[in-house]
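Have a look at the structure below before the remarks.
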Amino acid sequence: MKPIILKIILPITTILVWHIFSVSGMNASEILPGPAKVISAILTLFTQESVLTDVIVSLKHVAIGFALATLGGVIVGILSGYSKTIKMIIGPILEFLRPIPPISWIPLSILWFGIGDNPAYFLVFLGAFFPIMSNVYFGVISVEENHKRAALSLGAGKKEHLFDIILPAALPSIFTGLKTGLGISWFMVITAELVGSQSGLGYMIQLNRLLLRTDRVIGGMVIIGVLGYLMSKIMTYSERKLIPWRVTV
Amino acid sequence: MAKIILDNVSKRFVDKSKQSIQSLNNLSFEIDESEIVCILGPSGCGKTTLINMLAGYIFPDDGNILHNDERINGPSAERAVVFQDHALFSWKTVRGNIDFGLKCKKIDKVKRTEIINEYISKFNLHGFDKHFPHQLSGGMKQRVGLARALAIKPEVLLMDEPFSSLDEQTREFLQEDLLRIHSDIKPTIVLVTHNIEEAIFLADKIIVLTKRPGTIKTIIKVPFNRPRQYEIRNCTDFLQFRQSIWKIIREEIR
């Protein structure tokens, strides 16, 4: 069978089963609205409601939190990969903080930052920082000894060592960290908005749950899924553009 | 004047079971300017250790290594290195790899382009200058490795089994490339190999090391005139010379 057919079998069956369930009368439409209702809810959300604003707010939360996490993660990752002293100073505290699930920071972040944009930034930062930092660190310490030696024997100074050798050699690993970090960012932003925000897609679906607009809740989830998918596609695309030397098998 | 002097050099290592292993013991010899010296010896005799000390990556436990009468205290662009696994920067193109050392030397852009083009043509890399290392064949990678090392005009070129992972034909071509370039820009070359034929074809003098701990077994001057053509490998003198060196090495392997 053609790959395209194999790929669409399950989605189509799911939608069909979903449709049959929703019209069977077993569930009220507040519990399980059918696919058609959800699609029309999505259209209404875009045409009559301000869901675009929520999308933009959520993207802004991710953009700022993720940018801060990237900055912090890359700097800390490089420093601790470079210097054993720095690694010893900051390593233990990071190892202590890492296993604390970022969502368990929600109560504290609301206490500290109140309800609004700031808890979202903070939680996105926390979620994305660790995977970025550890992948950067790993990338830096895994630079081949011979590459470093070759650079020194070609006269590399500190600047060339960092920008021409360490950073590009670690870039594939850095990108792995960024991809993981962005995935977690998207996860965290919705979580943060569900409980600690008054705008964004997470807030929107929470609000519609209270209004018993289940079609809009599911519609919102579909939008969240599509945006998350697009983000990971963009990352994969930029990875290919930025790392042309990576051997793709 | 000797370009490089080794004076009673010894090097020990501590192995996994914390035992001290003597890698090289009391090595003394001199290398003259523009000379090609091949270090030959059974595997595990410390040949690579010797190259690493000459490069300045590691230091002798006893004795001194001098370059222009100064003690080697770290890597320097005056002693470029060609690695067995070529160690090309996989994130840079052929051009970028050759450019790296020139950039470190703070040579201006126009001049750099000129030098890069010169070395691309010297090593027959036309049409591949924008390729990344993973797109090149083994022989071509090592030509880039050589071009990158020589473009910065080092006084000394250190080579650690540079051709050992290549097939025979490619290896012979690269040896000829190396001799051609040497007659042109005359760097001092120290090359580590376990290939006797390669050592004879390239070297002015061959230093044979004993098995571990590596000491000097003998130093042999190669009696063939330059320029050497590839046919030299088939003449009786060459084969006899090869046989005599093989005898010396056999004593060590047994």
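Letters for chains follow the order of the structure tokens (A, B, ...), residue numbers begin at 1 for each chain, and ligand numbers begin at 1 in the order shown.
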Would you give me, as a PyMOL selection string, the residues in range 46-193 of chain A that DSSP reads as alpha helix (DSSP H)? chain A and resi 46-47+51-82+84-97+106-113+117-141+145-153+158-160+167-193
Based on the selection just made, write C-alpha atoms of those residues as a compact mmCIF listing (two decimals), in the first residue's frame.
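Written out: again.txt:
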# COMPACT_ATOMS: atom_id res chain seq x y z
CA PHE A 46 -11.01 32.70 14.45
CA THR A 47 -13.78 34.73 12.80
CA VAL A 51 -8.55 33.52 19.53
CA LEU A 52 -5.86 35.09 17.37
CA THR A 53 -5.00 37.34 20.30
CA ASP A 54 -4.71 34.26 22.52
CA VAL A 55 -2.46 32.61 19.96
CA ILE A 56 -0.24 35.69 19.84
CA VAL A 57 -0.12 35.93 23.64
CA SER A 58 0.87 32.26 23.98
CA LEU A 59 3.52 32.63 21.29
CA LYS A 60 4.85 35.70 23.07
CA HIS A 61 5.06 33.78 26.35
CA VAL A 62 6.99 31.02 24.63
CA ALA A 63 9.21 33.39 22.66
CA ILE A 64 10.34 35.37 25.71
CA GLY A 65 10.65 32.43 28.11
CA PHE A 66 12.42 30.31 25.51
CA ALA A 67 14.77 33.12 24.50
CA LEU A 68 15.78 33.63 28.15
CA ALA A 69 16.24 29.87 28.61
CA THR A 70 18.37 29.71 25.44
CA LEU A 71 20.54 32.59 26.58
CA GLY A 72 20.95 31.17 30.08
CA GLY A 73 21.28 27.57 28.97
CA VAL A 74 23.90 28.29 26.32
CA ILE A 75 25.98 30.49 28.63
CA VAL A 76 25.85 28.13 31.61
CA GLY A 77 26.34 25.08 29.36
CA ILE A 78 29.43 26.54 27.70
CA LEU A 79 30.94 27.84 30.93
CA SER A 80 30.52 24.56 32.78
CA GLY A 81 31.77 22.63 29.76
CA TYR A 82 34.80 24.90 29.57
CA LYS A 84 35.91 22.35 35.73
CA THR A 85 35.87 24.97 38.50
CA ILE A 86 32.61 26.52 37.29
CA LYS A 87 31.17 23.05 36.82
CA MET A 88 31.98 22.22 40.43
CA ILE A 89 30.50 25.48 41.71
CA ILE A 90 27.18 25.37 39.88
CA GLY A 91 26.88 21.65 39.11
CA PRO A 92 25.42 20.45 42.45
CA ILE A 93 22.69 23.10 42.66
CA LEU A 94 21.62 22.44 39.07
CA GLU A 95 21.59 18.69 39.70
CA PHE A 96 19.37 19.36 42.70
CA LEU A 97 16.95 21.59 40.79
CA ILE A 106 3.46 26.78 39.60
CA PRO A 107 2.32 27.66 43.14
CA LEU A 108 5.56 29.50 43.89
CA SER A 109 5.53 31.33 40.59
CA ILE A 110 2.01 32.60 41.21
CA LEU A 111 3.01 33.68 44.72
CA TRP A 112 6.07 35.45 43.38
CA PHE A 113 4.76 36.93 40.16
CA ASP A 117 2.41 37.09 31.87
CA ASN A 118 5.26 36.71 34.34
CA PRO A 119 4.52 33.24 35.74
CA ALA A 120 4.25 32.03 32.13
CA TYR A 121 7.68 33.46 31.25
CA PHE A 122 9.15 31.99 34.38
CA LEU A 123 7.70 28.50 33.90
CA VAL A 124 8.65 28.37 30.22
CA PHE A 125 12.15 29.42 31.20
CA LEU A 126 12.38 26.71 33.86
CA GLY A 127 11.09 24.03 31.52
CA ALA A 128 13.38 24.87 28.62
CA PHE A 129 16.53 25.80 30.56
CA PHE A 130 17.60 22.33 31.71
CA PRO A 131 17.44 20.43 28.43
CA ILE A 132 19.19 23.30 26.64
CA MET A 133 21.87 23.66 29.30
CA SER A 134 22.67 19.96 29.55
CA ASN A 135 22.80 19.47 25.78
CA VAL A 136 25.10 22.48 25.35
CA TYR A 137 27.31 21.18 28.15
CA PHE A 138 27.40 17.75 26.58
CA GLY A 139 28.17 19.24 23.17
CA VAL A 140 31.06 21.27 24.56
CA ILE A 141 32.69 18.43 26.48
CA GLU A 145 40.41 16.20 21.27
CA ASN A 146 42.03 16.12 17.82
CA HIS A 147 39.91 19.06 16.64
CA LYS A 148 41.08 21.12 19.60
CA ARG A 149 44.67 20.04 19.04
CA ALA A 150 44.52 20.74 15.31
CA ALA A 151 43.18 24.22 16.04
CA LEU A 152 45.99 24.96 18.50
CA SER A 153 48.61 23.79 16.01
CA LYS A 158 40.92 31.97 22.63
CA LYS A 159 38.45 33.72 20.31
CA GLU A 160 38.93 31.32 17.40
CA LEU A 167 30.53 26.41 19.21
CA PRO A 168 30.18 24.94 15.72
CA ALA A 169 31.37 21.52 16.90
CA ALA A 170 28.75 21.61 19.64
CA LEU A 171 26.02 23.03 17.40
CA PRO A 172 24.32 19.73 16.53
CA SER A 173 24.04 18.94 20.21
CA ILE A 174 22.94 22.51 21.00
CA PHE A 175 20.18 22.11 18.45
CA THR A 176 18.99 18.89 20.06
CA GLY A 177 18.69 20.87 23.29
CA LEU A 178 16.79 23.70 21.59
CA LYS A 179 14.33 21.28 19.97
CA THR A 180 13.64 19.50 23.25
CA GLY A 181 13.49 22.85 25.05
CA LEU A 182 10.98 24.30 22.62
CA GLY A 183 8.74 21.24 22.95
CA ILE A 184 8.76 21.60 26.72
CA SER A 185 8.20 25.39 26.40
CA TRP A 186 4.98 24.83 24.52
CA PHE A 187 3.90 22.27 27.10
CA MET A 188 4.74 24.66 29.94
CA VAL A 189 3.10 27.74 28.47
CA ILE A 190 -0.28 26.04 28.15
CA THR A 191 0.05 24.68 31.69
CA ALA A 192 1.00 28.09 33.03
CA GLU A 193 -1.89 29.78 31.27
What's the 9 Å shell around Glu198 in chain B, counting only C-alpha atoms, without same-chain residues fewer than 6 positions away, as a short mmCIF file (atom, residue, chain, number, x, y, z; two decimals) with C-alpha atoms, in the first residue's frame?
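Writing done, so here's part.cif:
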data_model
loop_
_atom_site.label_atom_id
_atom_site.label_comp_id
_atom_site.auth_asym_id
_atom_site.auth_seq_id
_atom_site.Cartn_x
_atom_site.Cartn_y
_atom_site.Cartn_z
CA CYS B 38 60.71 9.24 9.37
CA ARG B 171 48.88 6.53 -0.53
CA GLU B 172 51.53 6.53 -3.28
CA GLN B 175 53.55 10.55 -0.93
#
Hey, could you make a per-residue contact list for chain B against chain A with 6 Å as the cut-off, showing the nearest pair of atoms and its distance in Å to one decimal, counting only C-alpha atoms, sorted by chain and number, as a Markdown table?
| residue | atom | partner | partner_atom | distance |
| --- | --- | --- | --- | --- |
| B:Pro75 | CA | A:Ser153 | CA | 5.3 |
| B:Ser76 | CA | A:Ser153 | CA | 5.1 |
| B:Ala77 | CA | A:Gly155 | CA | 4.6 |
| B:Ala80 | CA | A:Ser153 | CA | 5.2 |
| B:Ala87 | CA | A:His147 | CA | 5.7 |
| B:Trp91 | CA | A:Trp245 | CA | 5.5 |
| B:Gly101 | CA | A:Leu154 | CA | 4.7 |
| B:Cys104 | CA | A:Ala156 | CA | 5.5 |
Please produce a file of the residues just selected, as a PDB file, in the first residue's frame, where the atoms kept are C-alpha atoms.
ATOM      1  CA  PRO B  75      51.389  23.925  20.533  1.00  0.00           C
ATOM      2  CA  SER B  76      52.462  26.468  17.952  1.00  0.00           C
ATOM      3  CA  ALA B  77      51.577  27.326  14.367  1.00  0.00           C
ATOM      4  CA  ALA B  80      51.648  22.218  12.146  1.00  0.00           C
ATOM      5  CA  ALA B  87      40.929  15.844  12.016  1.00  0.00           C
ATOM      6  CA  TRP B  91      31.639  22.131  10.083  1.00  0.00           C
ATOM      7  CA  GLY B 101      45.057  28.908  10.170  1.00  0.00           C
ATOM      8  CA  CYS B 104      44.397  32.932  13.103  1.00  0.00           C
TER       9      CYS B 104
END
Neighbours of range 182-197 of chain B within 6 Å (only C-alpha atoms; same-chain residues fewer than 4 positions away dropped), as a ChimeraX atom specification? /B:33-41,155-161
So which residues of range 58-244 of chain B fall under strand (DSSP E or B) by DSSP, listed as an NGL selection string? :B and (62-67 or 70-71 or 79-82 or 156-160 or 188-193 or 205-209 or 214 or 216-221)
Contacts of range 214-219 of chain A within 10 Å, only C-alpha atoms, excl. fewer than 4 positions in-chain, as an MDAnalysis selection string: chainID A and resid 29:45 201:202 204:210 223:225
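Computed from the coordinates, the CA of Thr236 in chain B to CA of Glu251 in chain B distance equals 23.1 Å.
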Measuring atom to atom with only C-alpha atoms, identify which of A:Pro11, A:Pro3, A:Gly196, A:Gly220 is nearest to Trp105 in chain A. A:Gly196
Tell me which protein, DNA and RNA residues are within 9 Å of range 119-131 of chain B, counting only C-alpha atoms, leaving out same-chain ones fewer than 4 positions away, and put them as a PDB file with N, CA and C atoms, in the first residue's frame.
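Result file is around35.pdb:
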ATOM      1  N   LYS B  92      33.374  23.017   8.613  1.00  0.00           N
ATOM      2  CA  LYS B  92      33.907  23.983   7.666  1.00  0.00           C
ATOM      3  C   LYS B  92      34.102  23.314   6.309  1.00  0.00           C
ATOM      4  N   THR B  93      33.952  24.093   5.262  1.00  0.00           N
ATOM      5  CA  THR B  93      34.195  23.565   3.928  1.00  0.00           C
ATOM      6  C   THR B  93      35.705  23.394   3.740  1.00  0.00           C
ATOM      7  N   VAL B  94      36.091  22.810   2.611  1.00  0.00           N
ATOM      8  CA  VAL B  94      37.507  22.674   2.283  1.00  0.00           C
ATOM      9  C   VAL B  94      38.188  24.040   2.386  1.00  0.00           C
ATOM     10  N   ARG B  95      37.563  25.036   1.785  1.00  0.00           N
ATOM     11  CA  ARG B  95      38.065  26.396   1.814  1.00  0.00           C
ATOM     12  C   ARG B  95      38.192  26.916   3.249  1.00  0.00           C
ATOM     13  N   GLY B  96      37.139  26.675   4.028  1.00  0.00           N
ATOM     14  CA  GLY B  96      37.117  27.135   5.417  1.00  0.00           C
ATOM     15  C   GLY B  96      38.198  26.459   6.261  1.00  0.00           C
ATOM     16  N   ILE B  98      41.121  25.328   5.145  1.00  0.00           N
ATOM     17  CA  ILE B  98      42.430  25.900   4.802  1.00  0.00           C
ATOM     18  C   ILE B  98      42.534  27.326   5.339  1.00  0.00           C
ATOM     19  N   GLU B 114      43.967  34.453  -1.905  1.00  0.00           N
ATOM     20  CA  GLU B 114      45.058  34.133  -2.821  1.00  0.00           C
ATOM     21  C   GLU B 114      45.772  32.848  -2.379  1.00  0.00           C
ATOM     22  N   ILE B 115      46.097  32.797  -1.085  1.00  0.00           N
ATOM     23  CA  ILE B 115      46.811  31.621  -0.560  1.00  0.00           C
ATOM     24  C   ILE B 115      45.941  30.365  -0.667  1.00  0.00           C
ATOM     25  N   GLN B 135      31.852  14.905   2.451  1.00  0.00           N
ATOM     26  CA  GLN B 135      31.556  14.658   1.039  1.00  0.00           C
ATOM     27  C   GLN B 135      32.801  14.250   0.249  1.00  0.00           C
ATOM     28  N   LEU B 136      33.944  14.145   0.937  1.00  0.00           N
ATOM     29  CA  LEU B 136      35.197  13.856   0.232  1.00  0.00           C
ATOM     30  C   LEU B 136      35.654  12.416   0.468  1.00  0.00           C
ATOM     31  N   MET B 140      41.290  12.505  -0.507  1.00  0.00           N
ATOM     32  CA  MET B 140      41.071  13.938  -0.659  1.00  0.00           C
ATOM     33  C   MET B 140      41.058  14.634   0.697  1.00  0.00           C
ATOM     34  N   ARG B 143      44.507  15.215   1.666  1.00  0.00           N
ATOM     35  CA  ARG B 143      45.117  16.319   0.909  1.00  0.00           C
ATOM     36  C   ARG B 143      44.700  17.658   1.508  1.00  0.00           C
ATOM     37  N   VAL B 144      43.442  17.743   1.937  1.00  0.00           N
ATOM     38  CA  VAL B 144      42.993  18.973   2.602  1.00  0.00           C
ATOM     39  C   VAL B 144      43.757  19.158   3.912  1.00  0.00           C
ATOM     40  N   LEU B 146      46.725  18.191   4.577  1.00  0.00           N
ATOM     41  CA  LEU B 146      48.066  18.684   4.234  1.00  0.00           C
ATOM     42  C   LEU B 146      48.029  20.147   3.814  1.00  0.00           C
ATOM     43  N   ALA B 147      47.058  20.486   2.970  1.00  0.00           N
ATOM     44  CA  ALA B 147      46.948  21.868   2.490  1.00  0.00           C
ATOM     45  C   ALA B 147      46.727  22.821   3.657  1.00  0.00           C
ATOM     46  N   ARG B 148      45.839  22.404   4.591  1.00  0.00           N
ATOM     47  CA  ARG B 148      45.543  23.240   5.744  1.00  0.00           C
ATOM     48  C   ARG B 148      46.794  23.474   6.587  1.00  0.00           C
ATOM     49  N   LEU B 150      50.013  23.165   5.599  1.00  0.00           N
ATOM     50  CA  LEU B 150      51.120  23.838   4.908  1.00  0.00           C
ATOM     51  C   LEU B 150      50.815  25.281   4.529  1.00  0.00           C
ATOM     52  N   ALA B 151      49.527  25.614   4.380  1.00  0.00           N
ATOM     53  CA  ALA B 151      49.169  26.966   3.946  1.00  0.00           C
ATOM     54  C   ALA B 151      49.669  28.027   4.916  1.00  0.00           C
ATOM     55  N   ASP B 177      52.844  13.734  -3.829  1.00  0.00           N
ATOM     56  CA  ASP B 177      52.410  15.121  -3.573  1.00  0.00           C
ATOM     57  C   ASP B 177      53.286  15.757  -2.506  1.00  0.00           C
ATOM     58  N   ILE B 181      55.678  19.063  -2.922  1.00  0.00           N
ATOM     59  CA  ILE B 181      55.494  20.282  -2.132  1.00  0.00           C
ATOM     60  C   ILE B 181      56.750  20.575  -1.307  1.00  0.00           C
TER      61      ILE B 181
END
